[in-house]
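Text of query-v3.txt, listed as compact mmCIF, C-alpha atoms:
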```
# COMPACT_ATOMS: atom_id res chain seq x y z
CA MET C 1 0.33 -16.73 20.14
CA ASN C 2 -2.44 -17.32 17.63
CA LYS C 3 -1.96 -16.26 14.02
CA ILE C 4 -4.24 -13.30 13.35
CA ILE C 5 -4.85 -11.86 9.89
CA THR C 6 -6.68 -8.53 9.73
CA ILE C 7 -8.21 -7.14 6.58
CA GLY C 8 -9.01 -3.49 6.01
CA ARG C 9 -10.81 -2.97 2.73
CA GLU C 10 -12.38 -0.41 0.45
CA PHE C 11 -16.04 -1.05 -0.27
CA GLY C 12 -16.44 -3.32 -3.30
CA SER C 13 -12.76 -4.22 -3.50
CA GLY C 14 -13.16 -7.90 -2.64
CA GLY C 15 -11.58 -7.73 0.82
CA ARG C 16 -14.25 -9.96 2.28
CA GLU C 17 -13.76 -12.53 -0.48
CA LEU C 18 -10.00 -12.47 0.07
CA GLY C 19 -10.52 -12.94 3.83
CA LYS C 20 -12.92 -15.85 3.34
CA ARG C 21 -10.64 -17.57 0.86
CA LEU C 22 -7.60 -17.09 3.09
CA ALA C 23 -9.48 -18.54 6.08
CA GLU C 24 -10.61 -21.52 3.97
CA GLN C 25 -7.12 -22.15 2.59
CA LEU C 26 -5.55 -21.93 6.05
CA ASN C 27 -8.46 -23.70 7.70
CA ILE C 28 -8.86 -21.03 10.38
CA ALA C 29 -11.79 -19.01 11.75
CA TYR C 30 -13.30 -16.10 9.80
CA TYR C 31 -15.02 -13.17 11.51
CA ASP C 32 -16.95 -10.42 9.81
CA LYS C 33 -20.65 -9.93 10.54
CA GLU C 34 -20.30 -12.18 13.61
CA ILE C 35 -18.53 -9.32 15.36
CA MET C 36 -21.48 -6.97 15.04
CA GLU C 37 -23.92 -9.66 16.15
CA GLU C 38 -21.86 -10.23 19.27
CA ILE C 39 -21.65 -6.50 20.03
CA SER C 40 -25.37 -6.16 19.46
CA ASN C 41 -26.02 -8.97 21.94
CA ARG C 42 -23.72 -7.51 24.55
CA THR C 43 -24.86 -3.91 24.28
CA GLN C 44 -28.54 -4.66 23.83
CA LEU C 45 -28.62 -2.35 20.84
CA ALA C 46 -30.28 -3.21 17.53
CA LYS C 47 -28.01 -4.79 14.92
CA ASP C 48 -28.74 -2.12 12.30
CA TYR C 49 -27.81 0.59 14.72
CA VAL C 50 -24.56 -1.13 15.71
CA HIS C 51 -23.77 -1.54 12.04
CA ARG C 52 -24.25 2.17 11.46
CA ILE C 53 -22.08 3.04 14.43
CA VAL C 54 -19.16 0.82 13.48
CA GLU C 55 -18.98 2.39 10.07
CA GLN C 56 -19.03 5.98 11.30
CA LYS C 57 -17.01 8.06 13.70
CA PRO C 58 -18.98 9.57 16.58
CA ASN C 59 -21.04 12.53 15.43
CA LEU C 60 -24.13 14.42 16.37
CA TYR C 61 -26.55 12.35 14.34
CA VAL C 62 -29.32 11.40 16.76
CA PRO C 63 -32.01 8.87 15.79
CA ILE C 64 -35.31 9.02 17.66
CA THR C 65 -34.97 5.42 18.74
CA VAL C 66 -31.88 3.30 18.71
CA GLY C 67 -33.55 -0.05 18.65
CA ARG C 68 -34.66 -2.16 21.51
CA THR C 69 -35.24 0.64 23.97
CA PHE C 70 -36.06 4.30 23.75
CA HIS C 71 -33.34 6.70 24.84
CA ALA C 72 -33.39 10.36 25.74
CA SER C 73 -31.83 12.19 22.79
CA SER C 74 -28.70 13.98 23.76
CA SER C 75 -25.63 14.35 21.57
CA ASP C 76 -23.40 13.80 24.58
CA TYR C 77 -25.22 10.61 25.38
CA MET C 78 -24.90 9.45 21.75
CA ILE C 79 -21.19 9.99 21.68
CA ARG C 80 -20.78 8.04 24.90
CA GLN C 81 -22.87 5.25 23.46
CA GLN C 82 -20.86 5.13 20.24
CA THR C 83 -17.62 5.08 22.20
CA SER C 84 -18.86 2.26 24.39
CA VAL C 85 -19.80 0.26 21.29
CA TYR C 86 -16.20 0.72 20.13
CA ALA C 87 -14.93 -0.47 23.53
CA GLU C 88 -17.19 -3.52 23.39
CA GLN C 89 -15.98 -4.21 19.86
CA ALA C 90 -12.39 -4.16 21.15
CA ASN C 91 -13.32 -6.72 23.83
CA VAL C 92 -15.00 -8.98 21.29
CA LEU C 93 -11.98 -8.81 18.96
CA ARG C 94 -9.53 -9.60 21.75
CA GLU C 95 -11.58 -12.60 22.80
CA MET C 96 -11.68 -13.86 19.20
CA ALA C 97 -7.93 -13.42 18.88
CA GLN C 98 -7.39 -15.36 22.13
CA ARG C 99 -9.63 -18.19 21.01
CA SER C 100 -7.82 -19.41 17.86
CA ASP C 101 -6.04 -18.44 14.62
CA CYS C 102 -8.42 -16.27 12.61
CA VAL C 103 -9.10 -13.78 9.83
CA ILE C 104 -10.91 -10.61 10.93
CA VAL C 105 -12.42 -8.20 8.41
CA GLY C 106 -12.64 -4.48 9.25
CA ARG C 107 -13.38 -3.04 12.73
CA CYS C 108 -9.93 -1.43 13.24
CA ALA C 109 -8.71 -4.94 14.12
CA ASP C 110 -5.19 -4.19 12.85
CA TYR C 111 -4.92 -1.46 15.49
CA ILE C 112 -6.89 -3.04 18.34
CA LEU C 113 -4.98 -6.32 18.08
CA LYS C 114 -1.52 -4.89 17.49
CA ASP C 115 -0.14 -6.71 20.55
CA HIS C 116 -1.01 -9.95 18.77
CA ASN C 117 1.33 -8.96 15.94
CA PRO C 118 -1.28 -9.57 13.22
CA LEU C 119 -0.60 -9.79 9.51
CA ARG C 120 -2.29 -6.56 8.45
CA ILE C 121 -3.72 -6.54 4.94
CA PHE C 122 -5.41 -3.65 3.13
CA VAL C 123 -7.46 -4.41 0.02
CA TYR C 124 -8.36 -1.75 -2.53
CA ALA C 125 -9.26 -1.30 -6.18
CA ASP C 126 -9.95 1.39 -8.74
CA ILE C 127 -13.48 2.76 -8.82
CA GLU C 128 -14.44 1.00 -12.09
CA SER C 129 -13.54 -2.41 -10.64
CA LYS C 130 -15.44 -1.63 -7.45
CA ILE C 131 -18.58 -0.67 -9.36
CA LYS C 132 -18.28 -3.86 -11.44
CA ARG C 133 -17.85 -6.02 -8.34
CA CYS C 134 -20.79 -4.34 -6.59
CA ARG C 135 -22.98 -5.10 -9.62
CA GLU C 136 -21.84 -8.72 -9.78
CA LYS C 137 -22.32 -9.32 -6.06
CA ALA C 138 -25.44 -7.15 -5.86
CA GLU C 139 -23.93 -5.30 -2.90
CA LEU C 140 -25.85 -2.14 -3.79
CA GLU C 141 -29.28 -1.62 -5.26
CA GLU C 142 -29.28 -2.83 -8.85
CA HIS C 143 -31.16 0.15 -10.26
CA LEU C 144 -28.39 2.63 -9.41
CA SER C 145 -26.51 4.26 -12.27
CA ASP C 146 -22.70 4.03 -12.35
CA LYS C 147 -22.53 7.61 -11.14
CA GLU C 148 -24.83 6.88 -8.21
CA MET C 149 -22.91 3.73 -7.36
CA LYS C 150 -19.65 5.65 -7.41
CA LYS C 151 -21.10 8.18 -5.01
CA ARG C 152 -22.34 5.46 -2.62
CA ILE C 153 -19.01 3.62 -2.69
CA GLN C 154 -17.10 6.82 -2.01
CA LYS C 155 -19.43 7.64 0.86
CA VAL C 156 -18.95 4.25 2.53
CA ASP C 157 -15.17 4.55 2.13
CA LYS C 158 -15.18 8.08 3.51
CA ASN C 159 -17.05 6.86 6.59
CA ARG C 160 -14.65 3.94 7.05
CA SER C 161 -11.72 6.29 6.74
CA ARG C 162 -13.12 8.75 9.30
CA TYR C 163 -14.04 6.01 11.72
CA TYR C 164 -10.58 4.43 11.49
CA THR C 165 -8.78 7.72 11.96
CA TYR C 166 -11.00 8.74 14.86
CA TYR C 167 -10.26 5.61 16.88
CA THR C 168 -6.69 4.83 15.83
CA GLY C 169 -5.17 8.25 15.09
CA GLN C 170 -3.79 6.62 11.93
CA LYS C 171 -4.54 7.11 8.27
CA TRP C 172 -6.84 4.48 6.79
CA GLY C 173 -5.22 2.80 3.80
CA HIS C 174 -1.80 4.35 4.36
CA HIS C 175 0.76 1.64 3.60
CA SER C 176 2.71 2.25 6.81
CA ASN C 177 -0.20 0.82 8.82
CA TYR C 178 -0.24 -2.47 6.90
CA ASP C 179 2.03 -5.34 5.93
CA LEU C 180 0.51 -5.83 2.53
CA CYS C 181 -1.73 -3.66 0.34
CA ILE C 182 -3.41 -5.44 -2.55
CA ASN C 183 -5.03 -3.85 -5.58
CA THR C 184 -7.68 -6.29 -6.75
CA SER C 185 -8.17 -4.40 -10.02
CA SER C 186 -4.96 -6.04 -11.21
CA LEU C 187 -4.53 -9.11 -9.03
CA PRO C 188 -7.22 -11.79 -9.08
CA VAL C 189 -8.49 -12.40 -5.53
CA LYS C 190 -8.71 -16.19 -5.85
CA ASP C 191 -5.16 -16.64 -7.15
CA PHE C 192 -3.74 -14.11 -4.72
CA ALA C 193 -5.43 -15.80 -1.75
CA GLU C 194 -3.86 -19.14 -2.71
CA ALA C 195 -0.38 -17.62 -3.15
CA LEU C 196 -0.66 -15.73 0.12
CA ALA C 197 -1.88 -18.80 2.03
CA ASP C 198 1.14 -20.74 0.71
CA LEU C 199 3.41 -17.92 1.85
CA ILE C 200 1.85 -17.77 5.33
CA ARG C 201 2.11 -21.53 5.75
CA GLY C 202 5.76 -21.31 4.65
CA MET C 203 6.50 -18.54 7.15
CA GLU C 204 5.04 -20.56 10.00
CA ALA C 205 6.92 -23.74 9.10
CA MET N 206 3.03 -7.17 -24.98
CA ASN N 207 6.01 -7.92 -22.75
CA LYS N 208 5.43 -8.48 -19.03
CA ILE N 209 6.87 -5.51 -17.17
CA ILE N 210 7.27 -5.39 -13.38
CA THR N 211 8.16 -2.03 -11.88
CA ILE N 212 9.43 -1.59 -8.35
CA GLY N 213 9.26 1.64 -6.38
CA ARG N 214 11.05 1.33 -3.05
CA GLU N 215 11.98 3.12 0.11
CA PHE N 216 15.71 3.24 0.73
CA GLY N 217 16.87 0.20 2.67
CA SER N 218 13.57 -1.66 2.31
CA GLY N 219 14.90 -4.48 0.14
CA GLY N 220 13.16 -3.41 -3.07
CA ARG N 221 16.24 -4.13 -5.12
CA GLU N 222 16.59 -7.60 -3.60
CA LEU N 223 12.93 -8.33 -4.28
CA GLY N 224 13.35 -7.16 -7.89
CA LYS N 225 16.46 -9.29 -8.44
CA ARG N 226 14.85 -12.37 -6.93
CA LEU N 227 11.67 -11.91 -8.97
CA ALA N 228 13.72 -11.54 -12.17
CA GLU N 229 15.71 -14.68 -11.31
CA GLN N 230 12.60 -16.69 -10.48
CA LEU N 231 10.84 -15.60 -13.64
CA ASN N 232 14.02 -15.75 -15.71
CA ILE N 233 13.55 -12.26 -17.13
CA ALA N 234 15.76 -9.16 -17.47
CA TYR N 235 16.53 -6.95 -14.47
CA TYR N 236 17.33 -3.24 -14.83
CA ASP N 237 18.53 -0.95 -12.11
CA LYS N 238 21.93 0.77 -12.36
CA GLU N 239 22.05 -0.14 -16.08
CA ILE N 240 19.48 2.58 -16.71
CA MET N 241 21.70 5.32 -15.36
CA GLU N 242 24.71 4.02 -17.26
CA GLU N 243 22.71 4.15 -20.47
CA ILE N 244 21.48 7.69 -19.77
CA SER N 245 25.01 8.76 -18.93
CA ASN N 246 26.26 7.39 -22.24
CA ARG N 247 23.51 9.07 -24.23
CA THR N 248 23.66 12.46 -22.55
CA GLN N 249 27.43 12.59 -22.22
CA LEU N 250 27.05 13.51 -18.57
CA ALA N 251 29.06 11.92 -15.77
CA LYS N 252 27.43 8.94 -14.07
CA ASP N 253 27.58 10.51 -10.60
CA TYR N 254 25.83 13.60 -11.87
CA VAL N 255 23.11 11.58 -13.60
CA HIS N 256 22.65 9.60 -10.41
CA ARG N 257 22.17 12.81 -8.43
CA ILE N 258 19.70 14.15 -10.96
CA VAL N 259 17.52 11.03 -11.09
CA GLU N 260 17.12 11.06 -7.33
CA GLN N 261 16.12 14.72 -7.09
CA LYS N 262 13.50 16.95 -8.63
CA PRO N 263 14.85 19.90 -10.62
CA ASN N 264 16.11 22.64 -8.34
CA LEU N 265 18.54 25.49 -8.32
CA TYR N 266 21.54 23.54 -7.10
CA VAL N 267 24.35 24.34 -9.55
CA PRO N 268 27.62 22.43 -9.46
CA ILE N 269 30.72 24.10 -10.94
CA THR N 270 31.28 21.25 -13.33
CA VAL N 271 28.82 18.56 -14.30
CA GLY N 272 31.33 16.00 -15.47
CA ARG N 273 32.78 15.53 -18.86
CA THR N 274 32.45 19.09 -20.03
CA PHE N 275 32.33 22.48 -18.37
CA HIS N 276 29.05 24.35 -18.57
CA ALA N 277 28.13 27.95 -18.00
CA SER N 278 26.26 28.04 -14.68
CA SER N 279 22.70 29.12 -15.09
CA SER N 280 19.77 27.81 -13.09
CA ASP N 281 17.58 27.88 -16.17
CA TYR N 282 20.12 25.82 -18.06
CA MET N 283 20.33 23.34 -15.17
CA ILE N 284 16.61 22.80 -15.06
CA ARG N 285 16.54 22.20 -18.80
CA GLN N 286 19.36 19.71 -18.41
CA GLN N 287 17.63 17.86 -15.59
CA THR N 288 14.42 17.71 -17.58
CA SER N 289 16.23 16.37 -20.61
CA VAL N 290 17.83 13.66 -18.47
CA TYR N 291 14.31 12.68 -17.41
CA ALA N 292 13.23 12.60 -21.07
CA GLU N 293 16.20 10.43 -21.98
CA GLN N 294 15.41 8.15 -19.06
CA ALA N 295 11.88 7.75 -20.42
CA ASN N 296 13.33 6.75 -23.81
CA VAL N 297 15.67 4.22 -22.24
CA LEU N 298 12.84 2.68 -20.19
CA ARG N 299 10.54 2.40 -23.22
CA GLU N 300 13.27 0.67 -25.21
CA MET N 301 13.89 -1.78 -22.37
CA ALA N 302 10.17 -2.52 -22.11
CA GLN N 303 10.00 -3.13 -25.87
CA ARG N 304 12.97 -5.47 -25.80
CA SER N 305 11.71 -8.23 -23.45
CA ASP N 306 9.93 -9.09 -20.20
CA CYS N 307 11.74 -7.31 -17.40
CA VAL N 308 11.87 -5.99 -13.84
CA ILE N 309 12.72 -2.28 -13.54
CA VAL N 310 13.66 -0.71 -10.22
CA GLY N 311 12.85 2.96 -9.56
CA ARG N 312 12.97 5.76 -12.18
CA CYS N 313 9.21 6.46 -12.21
CA ALA N 314 8.93 3.37 -14.44
CA ASP N 315 5.41 2.61 -13.17
CA TYR N 316 4.26 5.97 -14.58
CA ILE N 317 6.42 6.19 -17.70
CA LEU N 318 5.49 2.67 -18.82
CA LYS N 319 1.80 2.80 -17.92
CA ASP N 320 0.80 1.99 -21.50
CA HIS N 321 2.59 -1.34 -21.06
CA ASN N 322 0.23 -2.17 -18.19
CA PRO N 323 3.05 -3.06 -15.78
CA LEU N 324 2.65 -4.86 -12.47
CA ARG N 325 3.49 -1.95 -10.17
CA ILE N 326 5.04 -2.89 -6.85
CA PHE N 327 5.99 -0.58 -3.97
CA VAL N 328 8.34 -1.90 -1.30
CA TYR N 329 8.64 -0.29 2.13
CA ALA N 330 9.58 -1.05 5.72
CA ASP N 331 9.67 0.54 9.14
CA ILE N 332 12.71 2.66 9.93
CA GLU N 333 14.27 0.11 12.33
CA SER N 334 14.24 -2.59 9.63
CA LYS N 335 15.69 -0.17 7.09
CA ILE N 336 18.57 0.78 9.40
CA LYS N 337 19.23 -2.91 10.08
CA ARG N 338 19.22 -3.73 6.37
CA CYS N 339 21.50 -0.80 5.56
CA ARG N 340 23.98 -2.06 8.18
CA GLU N 341 23.85 -5.63 6.89
CA LYS N 342 24.26 -4.60 3.26
CA ALA N 343 26.70 -1.79 4.06
CA GLU N 344 24.59 0.57 1.98
CA LEU N 345 25.63 3.53 4.09
CA GLU N 346 28.89 4.37 5.84
CA GLU N 347 29.39 1.92 8.69
CA HIS N 348 30.50 4.50 11.24
CA LEU N 349 27.12 6.29 11.24
CA SER N 350 25.02 6.14 14.40
CA ASP N 351 21.43 4.90 14.18
CA LYS N 352 20.26 8.48 14.43
CA GLU N 353 22.51 9.58 11.56
CA MET N 354 21.44 6.60 9.46
CA LYS N 355 17.79 7.38 10.07
CA LYS N 356 18.41 10.96 8.89
CA ARG N 357 20.17 9.77 5.73
CA ILE N 358 17.47 7.24 4.90
CA GLN N 359 14.75 9.84 5.40
CA LYS N 360 16.63 12.28 3.18
CA VAL N 361 16.96 9.79 0.33
CA ASP N 362 13.27 8.90 0.60
CA LYS N 363 12.28 12.57 0.68
CA ASN N 364 14.22 13.15 -2.53
CA ARG N 365 12.67 10.11 -4.19
CA SER N 366 9.24 11.29 -3.18
CA ARG N 367 9.78 14.82 -4.51
CA TYR N 368 11.27 13.57 -7.76
CA TYR N 369 8.39 11.15 -8.34
CA THR N 370 5.74 13.76 -7.60
CA TYR N 371 7.45 16.39 -9.77
CA TYR N 372 7.46 14.18 -12.86
CA THR N 373 4.29 12.15 -12.39
CA GLY N 374 1.96 14.47 -10.48
CA GLN N 375 1.23 11.47 -8.25
CA LYS N 376 2.03 10.70 -4.65
CA TRP N 377 5.01 8.40 -4.17
CA GLY N 378 4.07 5.33 -2.16
CA HIS N 379 0.32 5.99 -2.26
CA HIS N 380 -1.37 2.63 -2.75
CA SER N 381 -3.60 3.88 -5.57
CA ASN N 382 -0.51 4.16 -7.81
CA TYR N 383 0.50 0.53 -7.28
CA ASP N 384 -0.87 -3.00 -7.63
CA LEU N 385 0.91 -4.32 -4.59
CA CYS N 386 2.60 -2.64 -1.62
CA ILE N 387 4.84 -4.88 0.46
CA ASN N 388 6.15 -4.21 3.95
CA THR N 389 9.41 -6.11 4.24
CA SER N 390 9.56 -5.55 8.02
CA SER N 391 6.97 -8.32 8.31
CA LEU N 392 7.25 -10.31 5.09
CA PRO N 393 10.57 -11.98 4.27
CA VAL N 394 11.76 -10.83 0.82
CA LYS N 395 13.00 -14.25 -0.32
CA ASP N 396 9.78 -16.09 0.51
CA PHE N 397 7.59 -13.30 -0.84
CA ALA N 398 9.52 -13.20 -4.14
CA GLU N 399 8.94 -16.93 -4.61
CA ALA N 400 5.23 -16.71 -3.82
CA LEU N 401 4.80 -13.71 -6.09
CA ALA N 402 6.69 -15.35 -8.95
CA ASP N 403 4.39 -18.38 -8.65
CA LEU N 404 1.38 -16.07 -8.73
CA ILE N 405 2.64 -14.18 -11.80
CA ARG N 406 3.37 -17.42 -13.65
CA GLY N 407 -0.12 -18.62 -12.75
CA MET N 408 -1.73 -15.40 -14.02
CA GLU N 409 0.07 -15.72 -17.35
CA ALA N 410 -0.85 -19.38 -17.81
```
Will you turn the file into structure tokens for me?
Amino acid sequence: MNKIITIGREFGSGGRELGKRLAEQLNIAYYDKEIMEEISNRTQLAKDYVHRIVEQKPNLYVPITVGRTFHASSSDYMIRQQTSVYAEQANVLREMAQRSDCVIVGRCADYILKDHNPLRIFVYADIESKIKRCREKAELEEHLSDKEMKKRIQKVDKNRSRYYTYYTGQKWGHHSNYDLCINTSSLPVKDFAEALADLIRGMEA
Amino acid sequence: MNKIITIGREFGSGGRELGKRLAEQLNIAYYDKEIMEEISNRTQLAKDYVHRIVEQKPNLYVPITVGRTFHASSSDYMIRQQTSVYAEQANVLREMAQRSDCVIVGRCADYILKDHNPLRIFVYADIESKIKRCREKAELEEHLSDKEMKKRIQKVDKNRSRYYTYYTGQKWGHHSNYDLCINTSSLPVKDFAEALADLIRGMEA
């Protein structure tokens, strides 16, 4: 069975960086945005819309147009569409996991791929570190005040948490759902990725 | 400032083993049962009684005798005694942290020593792994069935959780209170201790 590493992460915590570095160190595939592109292709929905869906649990928010085609607005229809995007996402993840060893960021991969016995990592940080990282990486608009950034970060995390709980029935970030939870406020991502890659290589040997 | 590593742990998860191995690898002091012995000496209370106190939040349980001396039974008196044991424990921990680099297992050390900026680790495992470990290490009576062991383990963890929350106002095992949470069901303690020791040495260099 291929070695699968899944990474759940708070916004601005450096989860993506950890995933990339781990994939580089272990010389295995890395999937993040590729997943949404693939779903977008398969569902014929616009990428932005897919992105919004995979960060939010189904709700009654109904856009006038959802991208490539115009749809009749019905909350029931929307929920079915969101659920089918989730199902397509699960297919994409399973295919990626079948293909080769890989690191997958987000997308409930820890839950969807549990039969593959993945190494499930959760990455988090205190709010000050997340604001700092967002400024450094320009992940949010630069003009935002710290207070505004905090609000945005909390909103993204709240959506991730709701989405995860809706589809998995589990609590996002609760240690029992992961093999390793890493606070990047205290542990430097680069050094931790190297140590963890060594450990994983050792476990496989 | 000395390097302090604190370890919170679920019963039977291998937290003590991880702490010992880390201390050996880093060649630093390791404190576990020594803390209770020191408190017992200072408070003139029997070791067994101190042990019971430091695993439970103050309550109205009143033993007839508490060890070396006989005390008038009063719930108010008991609570004061339990609180003073906690205060003495805090003194002992601070002295240990002042003395040298060290690993400290349990005792709300992550919270009490927060000014020392400790590396705060939480160690946990699924219930099957904890039962297996308890059998291997003979940490509980051997004649217990799996069901009875599970009950005992859950009881110890419930007490640890209540005690921690009572004195710290924080949630025991919640990732935000730690720098690293390690699931020993998936990650072998020996290998992880080595990788982590390497990482810590690297961070100090």
Please build the interface table for region 111-203 of chain C against region 99-105 of chain C with a cut-off of 12 Å, listing for each qualifying residue the nearest atom pair and the distance in Å to one decimal; count all atoms listed in the file, order rows by chain and increasing number, and write it as a tab-separated table.
```
residue	atom	partner	partner_atom	distance
C:Tyr111	CA	C:Ile104	CA	11.8
C:Ile112	CA	C:Ile104	CA	11.3
C:Leu113	CA	C:Ile104	CA	10.2
C:His116	CA	C:Asp101	CA	10.7
C:Pro118	CA	C:Val103	CA	9.5
C:Leu119	CA	C:Val103	CA	9.4
C:Arg120	CA	C:Ile104	CA	9.8
C:Ile121	CA	C:Val105	CA	9.5
C:Phe122	CA	C:Val105	CA	9.9
C:Val123	CA	C:Val105	CA	10.5
C:Ala197	CA	C:Val103	CA	11.8
```
>> Contacts from chain N to chain C, 7 Å maximum, only C-alpha atoms: show me the residue list as a list in words.
In response: His380, Asp384, Leu385, Cys386, Ile387, Asn388, Ser391, Asp396, Phe397, Ala400 and Leu404 of chain N
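The space separating CA of Gly217 (chain N) from CA of Lys238 (chain N) comes to 15.9 Å.
CA of Lys137 (chain C) lies 19.8 Å from CA of His51 (chain C).
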>> Which residues are close to Ile233 (chain N), i.e. within 12 Å by only C-alpha atoms, leaving aside same-chain residues fewer than 2 positions away? Reply as a PyMOL selection string.
In response: chain N and resi 207-210+224-231+235-236+301-302+304-309+402+406
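In this comparison, which uses only C-alpha atoms, the residue of N:Asn232, N:Ser334, N:Gln359, N:Asn364 approaching Ile258 (chain N) most closely is N:Asn364.
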